[in-house]
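Data block for my_file.pdb (PDB, C-alpha atoms, pLDDT in the B column):
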```pdb
ATOM      1  CA  ASP P   1      14.365  10.471 -10.490  1.00 66.00           C
ATOM      2  CA  THR P   2      11.040   9.477  -8.949  1.00 67.00           C
ATOM      3  CA  ALA P   3      10.847   5.703  -8.535  1.00 92.00           C
ATOM      4  CA  VAL P   4       7.135   5.225  -9.243  1.00 96.00           C
ATOM      5  CA  SER P   5       5.535   8.128 -11.023  1.00 96.00           C
ATOM      6  CA  GLN P   6       1.869   8.639 -11.830  1.00 96.00           C
ATOM      7  CA  THR P   7       0.224  11.151 -14.086  1.00 96.00           C
ATOM      8  CA  PRO P   8      -1.820  13.165 -13.678  1.00 97.00           C
ATOM      9  CA  LYS P   9      -1.666  13.997  -9.977  1.00 96.00           C
ATOM     10  CA  TYR P  10      -5.163  15.471 -10.049  1.00 97.00           C
ATOM     11  CA  LEU P  11      -7.989  14.695 -12.435  1.00 97.00           C
ATOM     12  CA  VAL P  12     -11.396  16.345 -12.399  1.00 97.00           C
ATOM     13  CA  THR P  13     -13.871  15.124 -14.976  1.00 97.00           C
ATOM     14  CA  GLN P  14     -17.564  14.830 -15.669  1.00 97.00           C
ATOM     15  CA  MET P  15     -19.700  11.738 -15.332  1.00 97.00           C
ATOM     16  CA  GLY P  16     -19.746   9.590 -18.416  1.00 97.00           C
ATOM     17  CA  ASN P  17     -16.286  10.589 -19.611  1.00 97.00           C
ATOM     18  CA  ASP P  18     -13.432   8.179 -20.315  1.00 97.00           C
ATOM     19  CA  LYS P  19     -10.066   8.866 -18.706  1.00 97.00           C
ATOM     20  CA  SER P  20      -6.668   7.244 -18.285  1.00 97.00           C
ATOM     21  CA  ILE P  21      -4.080   7.327 -15.528  1.00 97.00           C
ATOM     22  CA  LYS P  22      -0.500   6.465 -16.366  1.00 97.00           C
ATOM     23  CA  CYS P  23       2.132   4.849 -14.200  1.00 97.00           C
ATOM     24  CA  GLU P  24       5.820   4.265 -14.787  1.00 97.00           C
ATOM     25  CA  GLN P  25       8.503   2.739 -12.594  1.00 96.00           C
ATOM     26  CA  ASN P  26      12.257   2.949 -13.063  1.00 95.00           C
ATOM     27  CA  LEU P  27      13.175   0.431 -10.371  1.00 93.00           C
ATOM     28  CA  GLY P  28      13.530  -2.561 -12.650  1.00 91.00           C
ATOM     29  CA  HIS P  29      10.654  -4.332 -10.902  1.00 91.00           C
ATOM     30  CA  ASP P  30       8.719  -7.113 -12.618  1.00 89.00           C
ATOM     31  CA  THR P  31       5.319  -6.518 -11.017  1.00 91.00           C
ATOM     32  CA  MET P  32       3.036  -3.494 -10.956  1.00 94.00           C
ATOM     33  CA  TYR P  33      -0.214  -2.819  -9.142  1.00 94.00           C
ATOM     34  CA  TRP P  34      -3.171  -0.489  -8.964  1.00 96.00           C
ATOM     35  CA  TYR P  35      -4.780   0.303  -5.608  1.00 95.00           C
ATOM     36  CA  LYS P  36      -7.834   2.425  -4.858  1.00 95.00           C
ATOM     37  CA  GLN P  37      -8.314   4.472  -1.703  1.00 94.00           C
ATOM     38  CA  ASP P  38     -11.868   5.654  -1.207  1.00 89.00           C
ATOM     39  CA  SER P  39     -13.276   8.392   0.987  1.00 83.00           C
ATOM     40  CA  LYS P  40     -13.207   6.095   3.996  1.00 80.00           C
ATOM     41  CA  LYS P  41      -9.452   5.772   3.471  1.00 82.00           C
ATOM     42  CA  PHE P  42      -9.421   2.026   2.909  1.00 86.00           C
ATOM     43  CA  LEU P  43      -6.760   0.924   0.427  1.00 90.00           C
ATOM     44  CA  LYS P  44      -7.795  -1.946  -1.816  1.00 92.00           C
ATOM     45  CA  ILE P  45      -5.926  -3.666  -4.573  1.00 92.00           C
ATOM     46  CA  MET P  46      -7.541  -3.642  -7.995  1.00 94.00           C
ATOM     47  CA  PHE P  47      -5.098  -5.192 -10.437  1.00 92.00           C
ATOM     48  CA  SER P  48      -1.601  -6.559 -10.690  1.00 91.00           C
ATOM     49  CA  TYR P  49       0.627  -7.387 -13.642  1.00 91.00           C
ATOM     50  CA  ASN P  50       3.714  -9.550 -13.507  1.00 88.00           C
ATOM     51  CA  ASN P  51       5.931  -9.326 -16.576  1.00 84.00           C
ATOM     52  CA  LYS P  52       2.985  -7.890 -18.512  1.00 83.00           C
ATOM     53  CA  GLU P  53       0.695 -10.739 -17.460  1.00 87.00           C
ATOM     54  CA  LEU P  54      -2.415 -10.046 -15.377  1.00 88.00           C
ATOM     55  CA  ILE P  55      -2.118 -11.948 -12.096  1.00 86.00           C
ATOM     56  CA  ILE P  56      -4.572 -10.150  -9.836  1.00 84.00           C
ATOM     57  CA  ASN P  57      -7.977  -8.980 -10.975  1.00 85.00           C
ATOM     58  CA  GLU P  58     -10.149  -8.153  -8.011  1.00 87.00           C
ATOM     59  CA  THR P  59     -13.885  -7.556  -8.199  1.00 79.00           C
ATOM     60  CA  VAL P  60     -13.729  -4.348 -10.157  1.00 86.00           C
ATOM     61  CA  PRO P  61     -16.309  -3.082 -12.678  1.00 89.00           C
ATOM     62  CA  ASN P  62     -15.279  -3.903 -16.214  1.00 91.00           C
ATOM     63  CA  ARG P  63     -15.319  -0.172 -16.941  1.00 95.00           C
ATOM     64  CA  PHE P  64     -11.815  -0.329 -15.452  1.00 95.00           C
ATOM     65  CA  SER P  65      -9.230  -1.775 -17.802  1.00 93.00           C
ATOM     66  CA  PRO P  66      -5.524  -1.982 -17.001  1.00 93.00           C
ATOM     67  CA  LYS P  67      -2.953  -2.101 -19.748  1.00 93.00           C
ATOM     68  CA  SER P  68       0.716  -2.968 -19.410  1.00 93.00           C
ATOM     69  CA  PRO P  69       2.685  -2.237 -22.583  1.00 91.00           C
ATOM     70  CA  ASP P  70       5.926  -3.293 -20.885  1.00 92.00           C
ATOM     71  CA  LYS P  71       7.245  -4.159 -17.430  1.00 91.00           C
ATOM     72  CA  ALA P  72       7.897  -0.538 -16.579  1.00 95.00           C
ATOM     73  CA  HIS P  73       4.425   0.775 -17.354  1.00 96.00           C
ATOM     74  CA  LEU P  74       0.920   0.048 -16.112  1.00 96.00           C
ATOM     75  CA  ASN P  75      -1.897   2.306 -17.191  1.00 96.00           C
ATOM     76  CA  LEU P  76      -5.468   2.386 -15.954  1.00 96.00           C
ATOM     77  CA  HIS P  77      -8.275   3.293 -18.308  1.00 96.00           C
ATOM     78  CA  ILE P  78     -11.727   4.035 -16.939  1.00 96.00           C
ATOM     79  CA  ASN P  79     -14.794   4.189 -19.170  1.00 96.00           C
ATOM     80  CA  SER P  80     -18.098   5.906 -18.437  1.00 97.00           C
ATOM     81  CA  LEU P  81     -16.930   7.469 -15.197  1.00 97.00           C
ATOM     82  CA  GLU P  82     -19.370   7.498 -12.281  1.00 96.00           C
ATOM     83  CA  LEU P  83     -19.519   9.598  -9.138  1.00 95.00           C
ATOM     84  CA  GLY P  84     -18.503   6.563  -7.077  1.00 93.00           C
ATOM     85  CA  ASP P  85     -15.226   6.320  -8.962  1.00 95.00           C
ATOM     86  CA  SER P  86     -13.998   9.409  -7.151  1.00 96.00           C
ATOM     87  CA  ALA P  87     -11.011   8.270  -5.097  1.00 95.00           C
ATOM     88  CA  VAL P  88      -7.253   8.348  -4.918  1.00 96.00           C
ATOM     89  CA  TYR P  89      -5.626   5.753  -7.144  1.00 97.00           C
ATOM     90  CA  PHE P  90      -2.157   4.514  -6.270  1.00 97.00           C
ATOM     91  CA  CYS P  91       0.230   2.672  -8.511  1.00 97.00           C
ATOM     92  CA  ALA P  92       2.892   0.441  -6.983  1.00 95.00           C
ATOM     93  CA  SER P  93       5.642  -1.882  -8.117  1.00 93.00           C
ATOM     94  CA  SER P  94       7.788  -4.657  -6.680  1.00 90.00           C
ATOM     95  CA  THR P  95       9.817  -7.708  -7.550  1.00 86.00           C
ATOM     96  CA  LEU P  96       8.026 -10.911  -6.652  1.00 78.00           C
ATOM     97  CA  GLY P  97       9.856 -13.511  -4.662  1.00 70.00           C
ATOM     98  CA  VAL P  98       8.707 -16.712  -3.023  1.00 60.00           C
ATOM     99  CA  GLY P  99       6.421 -15.557  -0.207  1.00 55.00           C
ATOM    100  CA  LYS P 100       7.787 -12.062  -0.153  1.00 62.00           C
ATOM    101  CA  ASN P 101       8.211  -8.951  -2.185  1.00 65.00           C
ATOM    102  CA  TYR P 102      11.256  -6.892  -2.794  1.00 71.00           C
ATOM    103  CA  GLY P 103      11.181  -3.148  -2.834  1.00 78.00           C
ATOM    104  CA  TYR P 104       7.382  -2.706  -2.800  1.00 85.00           C
ATOM    105  CA  THR P 105       7.070   0.972  -3.655  1.00 92.00           C
ATOM    106  CA  PHE P 106       4.018   3.178  -4.110  1.00 95.00           C
ATOM    107  CA  GLY P 107       3.548   6.216  -6.263  1.00 96.00           C
ATOM    108  CA  SER P 108       2.220   9.484  -4.878  1.00 95.00           C
ATOM    109  CA  GLY P 109      -1.319   8.892  -6.111  1.00 96.00           C
ATOM    110  CA  THR P 110      -3.826  10.338  -8.564  1.00 97.00           C
ATOM    111  CA  ARG P 111      -6.806  12.085  -7.018  1.00 96.00           C
ATOM    112  CA  LEU P 112      -9.771  11.513  -9.314  1.00 97.00           C
ATOM    113  CA  THR P 113     -12.873  13.620  -8.826  1.00 97.00           C
ATOM    114  CA  VAL P 114     -15.957  12.884 -10.888  1.00 97.00           C
ATOM    115  CA  VAL P 115     -18.530  15.669 -10.987  1.00 96.00           C
TER     116      VAL P 115
ATOM    117  CA  ASP X   1      -5.898 -14.227   3.490  1.00 59.00           C
ATOM    118  CA  ALA X   2      -4.404 -13.646   6.901  1.00 61.00           C
ATOM    119  CA  LYS X   3      -5.989 -10.672   8.617  1.00 85.00           C
ATOM    120  CA  THR X   4      -4.474  -8.216  11.025  1.00 92.00           C
ATOM    121  CA  THR X   5      -5.954  -6.321  13.966  1.00 94.00           C
ATOM    122  CA  GLN X   6      -4.581  -2.991  15.138  1.00 96.00           C
ATOM    123  CA  PRO X   7      -5.767  -0.329  17.582  1.00 97.00           C
ATOM    124  CA  THR X   8      -7.571   2.462  15.788  1.00 95.00           C
ATOM    125  CA  SER X   9      -5.484   5.254  17.249  1.00 97.00           C
ATOM    126  CA  MET X  10      -2.570   5.983  19.562  1.00 97.00           C
ATOM    127  CA  ASP X  11      -0.818   9.043  20.945  1.00 97.00           C
ATOM    128  CA  CYS X  12       2.874   9.400  21.631  1.00 96.00           C
ATOM    129  CA  ALA X  13       4.948  12.211  23.099  1.00 97.00           C
ATOM    130  CA  GLU X  14       7.645  13.638  20.859  1.00 97.00           C
ATOM    131  CA  GLY X  15      11.022  12.077  21.576  1.00 96.00           C
ATOM    132  CA  ARG X  16       9.523   9.004  23.191  1.00 97.00           C
ATOM    133  CA  ALA X  17       9.344   5.532  21.716  1.00 97.00           C
ATOM    134  CA  ALA X  18       6.133   4.671  19.890  1.00 98.00           C
ATOM    135  CA  ASN X  19       5.109   1.024  20.194  1.00 98.00           C
ATOM    136  CA  LEU X  20       2.439  -0.029  17.713  1.00 98.00           C
ATOM    137  CA  PRO X  21       0.953  -3.497  18.260  1.00 97.00           C
ATOM    138  CA  CYS X  22      -0.552  -5.816  15.667  1.00 96.00           C
ATOM    139  CA  ASN X  23      -2.314  -9.154  15.956  1.00 95.00           C
ATOM    140  CA  HIS X  24      -2.107 -11.649  13.103  1.00 93.00           C
ATOM    141  CA  SER X  25      -3.188 -14.894  14.720  1.00 91.00           C
ATOM    142  CA  THR X  26      -4.020 -16.661  11.427  1.00 89.00           C
ATOM    143  CA  ILE X  27      -0.643 -16.035   9.819  1.00 88.00           C
ATOM    144  CA  SER X  28       0.864 -18.993   7.958  1.00 84.00           C
ATOM    145  CA  GLY X  29       4.394 -20.234   8.441  1.00 81.00           C
ATOM    146  CA  ASN X  30       5.831 -18.692   5.299  1.00 80.00           C
ATOM    147  CA  GLU X  31       3.956 -15.366   5.381  1.00 85.00           C
ATOM    148  CA  TYR X  32       5.856 -12.183   6.071  1.00 87.00           C
ATOM    149  CA  VAL X  33       4.678  -9.284   8.204  1.00 91.00           C
ATOM    150  CA  TYR X  34       5.052  -5.886   6.555  1.00 92.00           C
ATOM    151  CA  TRP X  35       4.627  -2.423   8.009  1.00 95.00           C
ATOM    152  CA  TYR X  36       3.765   0.635   5.964  1.00 95.00           C
ATOM    153  CA  ARG X  37       2.720   4.121   6.877  1.00 96.00           C
ATOM    154  CA  GLN X  38       0.722   6.779   5.079  1.00 96.00           C
ATOM    155  CA  ILE X  39       1.213  10.437   5.827  1.00 94.00           C
ATOM    156  CA  HIS X  40      -1.838  12.491   4.861  1.00 86.00           C
ATOM    157  CA  SER X  41      -2.874  11.192   1.444  1.00 78.00           C
ATOM    158  CA  GLN X  42       0.631  10.446   0.212  1.00 91.00           C
ATOM    159  CA  GLY X  43       1.481   7.013  -1.119  1.00 93.00           C
ATOM    160  CA  PRO X  44       2.100   4.343   1.521  1.00 94.00           C
ATOM    161  CA  GLN X  45       5.727   4.244   2.587  1.00 93.00           C
ATOM    162  CA  TYR X  46       7.521   1.010   3.375  1.00 91.00           C
ATOM    163  CA  ILE X  47       8.930   0.814   6.903  1.00 94.00           C
ATOM    164  CA  ILE X  48      10.090  -2.707   7.666  1.00 93.00           C
ATOM    165  CA  HIS X  49       9.203  -6.375   7.265  1.00 91.00           C
ATOM    166  CA  GLY X  50      10.041  -9.676   8.943  1.00 91.00           C
ATOM    167  CA  LEU X  51       9.320 -13.381   9.062  1.00 89.00           C
ATOM    168  CA  LYS X  52      10.424 -14.800  12.394  1.00 90.00           C
ATOM    169  CA  ASN X  53      13.352 -12.856  13.747  1.00 88.00           C
ATOM    170  CA  ASN X  54      13.292  -9.346  15.089  1.00 93.00           C
ATOM    171  CA  GLU X  55      14.380  -6.768  12.541  1.00 94.00           C
ATOM    172  CA  THR X  56      15.836  -3.281  12.748  1.00 95.00           C
ATOM    173  CA  ASN X  57      16.556  -0.636  10.163  1.00 93.00           C
ATOM    174  CA  GLU X  58      17.150   3.095  10.155  1.00 93.00           C
ATOM    175  CA  MET X  59      13.446   3.821  10.582  1.00 93.00           C
ATOM    176  CA  ALA X  60      12.170   1.292  13.100  1.00 97.00           C
ATOM    177  CA  SER X  61      12.394  -2.044  14.835  1.00 97.00           C
ATOM    178  CA  LEU X  62      10.034  -4.969  14.411  1.00 97.00           C
ATOM    179  CA  ILE X  63       9.488  -7.417  17.223  1.00 97.00           C
ATOM    180  CA  ILE X  64       7.680 -10.641  16.277  1.00 96.00           C
ATOM    181  CA  THR X  65       6.494 -13.003  18.991  1.00 95.00           C
ATOM    182  CA  GLU X  66       7.790 -16.544  18.979  1.00 94.00           C
ATOM    183  CA  ASP X  67       4.407 -17.968  17.924  1.00 93.00           C
ATOM    184  CA  ARG X  68       4.237 -15.280  15.190  1.00 93.00           C
ATOM    185  CA  LYS X  69       0.687 -14.387  16.156  1.00 94.00           C
ATOM    186  CA  SER X  70       1.530 -10.786  16.927  1.00 95.00           C
ATOM    187  CA  SER X  71       4.172  -8.159  16.353  1.00 96.00           C
ATOM    188  CA  THR X  72       5.126  -4.683  17.511  1.00 97.00           C
ATOM    189  CA  LEU X  73       6.544  -1.855  15.470  1.00 98.00           C
ATOM    190  CA  ILE X  74       8.823   0.407  17.473  1.00 98.00           C
ATOM    191  CA  LEU X  75       9.728   3.935  16.453  1.00 97.00           C
ATOM    192  CA  PRO X  76      12.551   4.615  18.926  1.00 96.00           C
ATOM    193  CA  HIS X  77      12.349   8.409  19.053  1.00 95.00           C
ATOM    194  CA  ALA X  78       9.091   9.629  17.580  1.00 96.00           C
ATOM    195  CA  THR X  79       9.004  13.031  15.928  1.00 97.00           C
ATOM    196  CA  LEU X  80       6.076  15.157  14.789  1.00 96.00           C
ATOM    197  CA  ARG X  81       6.771  13.982  11.244  1.00 95.00           C
ATOM    198  CA  ASP X  82       5.990  10.418  12.298  1.00 97.00           C
ATOM    199  CA  THR X  83       2.324  11.350  12.659  1.00 97.00           C
ATOM    200  CA  ALA X  84       0.633   9.034  10.162  1.00 97.00           C
ATOM    201  CA  VAL X  85      -1.543   5.984   9.694  1.00 96.00           C
ATOM    202  CA  TYR X  86       0.500   2.820  10.265  1.00 97.00           C
ATOM    203  CA  TYR X  87      -0.534  -0.388   8.558  1.00 96.00           C
ATOM    204  CA  CYS X  88       0.431  -3.884   9.604  1.00 95.00           C
ATOM    205  CA  ILE X  89       0.046  -6.272   6.674  1.00 91.00           C
ATOM    206  CA  VAL X  90       0.522  -9.960   6.144  1.00 87.00           C
ATOM    207  CA  LEU X  91       1.661 -10.555   2.600  1.00 80.00           C
ATOM    208  CA  SER X  92      -0.777 -12.790   0.782  1.00 66.00           C
ATOM    209  CA  GLY X  93       0.708 -15.677  -1.132  1.00 64.00           C
ATOM    210  CA  ASN X  94       2.968 -15.185  -4.113  1.00 71.00           C
ATOM    211  CA  THR X  95       0.943 -12.552  -5.921  1.00 73.00           C
ATOM    212  CA  GLY X  96       2.200  -9.581  -3.979  1.00 79.00           C
ATOM    213  CA  LYS X  97      -1.269  -8.537  -2.904  1.00 82.00           C
ATOM    214  CA  LEU X  98      -1.147  -6.280   0.149  1.00 85.00           C
ATOM    215  CA  ILE X  99      -4.360  -6.363   2.180  1.00 84.00           C
ATOM    216  CA  PHE X 100      -4.671  -3.117   4.114  1.00 87.00           C
ATOM    217  CA  GLY X 101      -6.804  -2.879   7.250  1.00 86.00           C
ATOM    218  CA  GLN X 102      -7.855   0.376   8.872  1.00 88.00           C
ATOM    219  CA  GLY X 103      -4.398   0.810  10.407  1.00 94.00           C
ATOM    220  CA  THR X 104      -3.416   2.733  13.526  1.00 97.00           C
ATOM    221  CA  THR X 105      -3.501   6.510  13.424  1.00 97.00           C
ATOM    222  CA  LEU X 106      -0.450   7.608  15.407  1.00 98.00           C
ATOM    223  CA  GLN X 107      -0.508  11.173  16.674  1.00 97.00           C
ATOM    224  CA  VAL X 108       2.851  12.422  17.918  1.00 97.00           C
ATOM    225  CA  LYS X 109       2.366  15.370  20.248  1.00 96.00           C
ATOM    226  CA  PRO X 110       4.864  18.033  21.304  1.00 95.00           C
TER     227      PRO X 110
END
```

Can I see the file as structure tokens?
Amino acid sequence: DTAVSQTPKYLVTQMGNDKSIKCEQNLGHDTMYWYKQDSKKFLKIMFSYNNKELIINETVPNRFSPKSPDKAHLNLHINSLELGDSAVYFCASSTLGVGKNYGYTFGSGTRLTVV
Amino acid sequence: DAKTTQPTSMDCAEGRAANLPCNHSTISGNEYVYWYRQIHSQGPQYIIHGLKNNETNEMASLIITEDRKSSTLILPHATLRDTAVYYCIVLSGNTGKLIFGQGTTLQVKP
């Protein structure tokens, strides 16, 4: 009954490969997010979808492509993986209100290691 | 985007109250203050949020100054399991973007 679930939890892959991380939420939220936490532990937002529409697209290499098939799912596909992509990727979801968010919840993260 | 400033680290004795300060001097009138914490490399966990009034829930209390330029998160009886990085965040606009700073590493000691 996990609220925001990500798969896989760990991902080890070679440079140049293409990989996907999946995220699902069962909270009925209308907005989903991807955050990246690098080795220095800073958390930065990458993308956000509201009702399947992209609303936040930070300065991220275009090798990263989010896809939201429906409100409950937001997947992250990464092409041509590089060493610098190694990080922990967190999915989150919420319901957007005016000036605030309701129930902003994070998943447990996917630790990506590129070798 | 309103920025926040927090001390890098703090210690607290187990059973005592932990008071974590945050400055957000550029906050706008309709921006909320949120607090999250991250234990090890787990996903950030929501603690509390507020706009103007002080707030309390089962985890913590949030005290916001009258000018809204700073706030304090209070953990009334800290336990070893409260050891974590605590983030004070001002919610940016209507997009839901959370801008995390370096946070405060709280070490609760026996």

Quick check: residues of chain X within 12 Å of chain P, only C-alpha atoms, returned as a PyMOL selection string. chain X and resi 28-51+85+87+89-103+105

Include C-alpha atoms and write out the residues we just selected as a tab-separated table (two decimals), in the frame of the given file.
```tsv
chain	number	residue	atom	x	y	z
X	28	SER	CA	0.86	-18.99	7.96
X	29	GLY	CA	4.39	-20.23	8.44
X	30	ASN	CA	5.83	-18.69	5.30
X	31	GLU	CA	3.96	-15.37	5.38
X	32	TYR	CA	5.86	-12.18	6.07
X	33	VAL	CA	4.68	-9.28	8.20
X	34	TYR	CA	5.05	-5.89	6.56
X	35	TRP	CA	4.63	-2.42	8.01
X	36	TYR	CA	3.76	0.64	5.96
X	37	ARG	CA	2.72	4.12	6.88
X	38	GLN	CA	0.72	6.78	5.08
X	39	ILE	CA	1.21	10.44	5.83
X	40	HIS	CA	-1.84	12.49	4.86
X	41	SER	CA	-2.87	11.19	1.44
X	42	GLN	CA	0.63	10.45	0.21
X	43	GLY	CA	1.48	7.01	-1.12
X	44	PRO	CA	2.10	4.34	1.52
X	45	GLN	CA	5.73	4.24	2.59
X	46	TYR	CA	7.52	1.01	3.38
X	47	ILE	CA	8.93	0.81	6.90
X	48	ILE	CA	10.09	-2.71	7.67
X	49	HIS	CA	9.20	-6.38	7.26
X	50	GLY	CA	10.04	-9.68	8.94
X	51	LEU	CA	9.32	-13.38	9.06
X	85	VAL	CA	-1.54	5.98	9.69
X	87	TYR	CA	-0.53	-0.39	8.56
X	89	ILE	CA	0.05	-6.27	6.67
X	90	VAL	CA	0.52	-9.96	6.14
X	91	LEU	CA	1.66	-10.56	2.60
X	92	SER	CA	-0.78	-12.79	0.78
X	93	GLY	CA	0.71	-15.68	-1.13
X	94	ASN	CA	2.97	-15.18	-4.11
X	95	THR	CA	0.94	-12.55	-5.92
X	96	GLY	CA	2.20	-9.58	-3.98
X	97	LYS	CA	-1.27	-8.54	-2.90
X	98	LEU	CA	-1.15	-6.28	0.15
X	99	ILE	CA	-4.36	-6.36	2.18
X	100	PHE	CA	-4.67	-3.12	4.11
X	101	GLY	CA	-6.80	-2.88	7.25
X	102	GLN	CA	-7.86	0.38	8.87
X	103	GLY	CA	-4.40	0.81	10.41
X	105	THR	CA	-3.50	6.51	13.42
```

Quick one: what's the axis-aligned box for range 67-79 of chain X, all listed atoms, 4 Å on every side, centre and edges in Å to one decimal, as lines of an AutoDock Vina configuration file?
```
center_x = 6.6
center_y = -2.5
center_z = 17.1
size_x = 19.9
size_y = 39.0
size_z = 11.9
```

Given the file shown, enumerate the residues that the PyMOL selection byres ((chain P and resi 82) around 7) captures and present them as a short mmCIF file (atom, residue, chain, number, x, y, z; two decimals) with C-alpha atoms, in the frame of the given file.
```
data_model
loop_
_atom_site.label_atom_id
_atom_site.label_comp_id
_atom_site.auth_asym_id
_atom_site.auth_seq_id
_atom_site.Cartn_x
_atom_site.Cartn_y
_atom_site.Cartn_z
CA MET P 15 -19.70 11.74 -15.33
CA GLY P 16 -19.75 9.59 -18.42
CA SER P 80 -18.10 5.91 -18.44
CA LEU P 81 -16.93 7.47 -15.20
CA LEU P 83 -19.52 9.60 -9.14
CA GLY P 84 -18.50 6.56 -7.08
CA ASP P 85 -15.23 6.32 -8.96
CA VAL P 114 -15.96 12.88 -10.89
#
```

In Å and to one decimal, CA of Glu58 in chain P is distant from CA of Lys3 in chain X by 17.3 Å

Would you compute the distance between CA of Met59 in chain X and CA of Pro110 in chain X? Give it in Å to one decimal.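 Spanning CA of Met59 in chain X to CA of Pro110 in chain X is a straight-line distance of 19.8 Å.
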
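Point (-11.5, 6.4, -3.7) has the following residues at most 6 Å away: Lys36, Gln37, Asp38, Ser39, Ser86, Ala87 and Val88 of chain P (atoms considered: only C-alpha atoms).
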
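The spacing separating CA of Glu58 in chain X from CA of Arg81 in chain X amounts to 15.1 Å.
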
Explicit residues for the PyMOL selection byres ((chain X and resi 13-15) around 6) (as a list in words): Cys12, Arg16, His77, Ala78, Thr79, Val108, Lys109 and Pro110 of chain X

Within 9 Å of Ser25 in chain X, counting all atoms listed in the file, which residues qualify if same-chain residues fewer than 3 places away don't, as a CSV table (one decimal) with C-alpha atoms, keeping the file's coordinate frame?
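Final output, saved to selection.csv:
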```csv
chain,number,residue,atom,x,y,z
X,2,ALA,CA,-4.4,-13.6,6.9
X,3,LYS,CA,-6.0,-10.7,8.6
X,4,THR,CA,-4.5,-8.2,11.0
X,28,SER,CA,0.9,-19.0,8.0
X,67,ASP,CA,4.4,-18.0,17.9
X,68,ARG,CA,4.2,-15.3,15.2
X,69,LYS,CA,0.7,-14.4,16.2
X,70,SER,CA,1.5,-10.8,16.9
```

Which residues are near Lys67 in chain P? Cut-off 9 Å, all atoms listed in the file, ignore same chain within fewer than 4 positions. Put them as a list in words. Tyr49, Lys52, His73, Leu74, Asn75, Leu76 and His77 of chain P

Could you write out as a ChimeraX atom specification the residues that the PyMOL selection byres ((chain P and resi 71) around 7) matches in the shown file? /P:30,51-52,68,70,72-73

Would it be fine to have range 20-36 of chain P, with N, CA and C atoms, given as a JSON list (two decimals), in the first residue's frame?
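Written output follows (selection11.json):
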```json
[["chain", "number", "residue", "atom", "x", "y", "z"],
["P", 20, "SER", "N", 15.19, 3.11, -17.89],
["P", 20, "SER", "CA", 13.97, 3.79, -17.44],
["P", 20, "SER", "C", 13.73, 3.53, -15.96],
["P", 21, "ILE", "N", 13.18, 4.53, -15.30],
["P", 21, "ILE", "CA", 12.74, 4.42, -13.91],
["P", 21, "ILE", "C", 11.24, 4.69, -13.91],
["P", 22, "LYS", "N", 10.51, 3.84, -13.19],
["P", 22, "LYS", "CA", 9.06, 4.00, -13.17],
["P", 22, "LYS", "C", 8.59, 4.52, -11.82],
["P", 23, "CYS", "N", 7.50, 5.28, -11.87],
["P", 23, "CYS", "CA", 6.92, 5.81, -10.64],
["P", 23, "CYS", "C", 5.40, 5.73, -10.73],
["P", 24, "GLU", "N", 4.80, 5.33, -9.62],
["P", 24, "GLU", "CA", 3.35, 5.25, -9.55],
["P", 24, "GLU", "C", 2.88, 5.79, -8.21],
["P", 25, "GLN", "N", 1.78, 6.51, -8.22],
["P", 25, "GLN", "CA", 1.21, 6.98, -6.95],
["P", 25, "GLN", "C", -0.26, 6.58, -6.89],
["P", 26, "ASN", "N", -0.68, 6.19, -5.68],
["P", 26, "ASN", "CA", -2.06, 5.77, -5.48],
["P", 26, "ASN", "C", -2.80, 6.72, -4.54],
["P", 27, "LEU", "N", -2.35, 7.98, -4.54],
["P", 27, "LEU", "CA", -2.92, 8.97, -3.63],
["P", 27, "LEU", "C", -4.00, 9.83, -4.29],
["P", 28, "GLY", "N", -4.22, 9.62, -5.57],
["P", 28, "GLY", "CA", -5.19, 10.44, -6.27],
["P", 28, "GLY", "C", -4.70, 11.85, -6.58],
["P", 29, "HIS", "N", -3.40, 12.07, -6.50],
["P", 29, "HIS", "CA", -2.84, 13.39, -6.77],
["P", 29, "HIS", "C", -2.88, 13.71, -8.26],
["P", 30, "ASP", "N", -2.83, 15.03, -8.57],
["P", 30, "ASP", "CA", -2.88, 15.42, -9.97],
["P", 30, "ASP", "C", -1.52, 15.84, -10.51],
["P", 31, "THR", "N", -0.51, 15.89, -9.67],
["P", 31, "THR", "CA", 0.80, 16.38, -10.09],
["P", 31, "THR", "C", 1.88, 15.42, -9.62],
["P", 32, "MET", "N", 2.83, 15.17, -10.52],
["P", 32, "MET", "CA", 3.96, 14.29, -10.18],
["P", 32, "MET", "C", 5.27, 14.96, -10.57],
["P", 33, "TYR", "N", 6.33, 14.57, -9.88],
["P", 33, "TYR", "CA", 7.62, 15.25, -10.02],
["P", 33, "TYR", "C", 8.76, 14.23, -10.07],
["P", 34, "TRP", "N", 9.86, 14.67, -10.68],
["P", 34, "TRP", "CA", 11.12, 13.96, -10.55],
["P", 34, "TRP", "C", 12.17, 14.91, -9.98],
["P", 35, "TYR", "N", 12.86, 14.44, -8.93],
["P", 35, "TYR", "CA", 13.96, 15.16, -8.32],
["P", 35, "TYR", "C", 15.22, 14.32, -8.43],
["P", 36, "LYS", "N", 16.36, 15.01, -8.46],
["P", 36, "LYS", "CA", 17.65, 14.33, -8.49],
["P", 36, "LYS", "C", 18.47, 14.78, -7.28]]
```
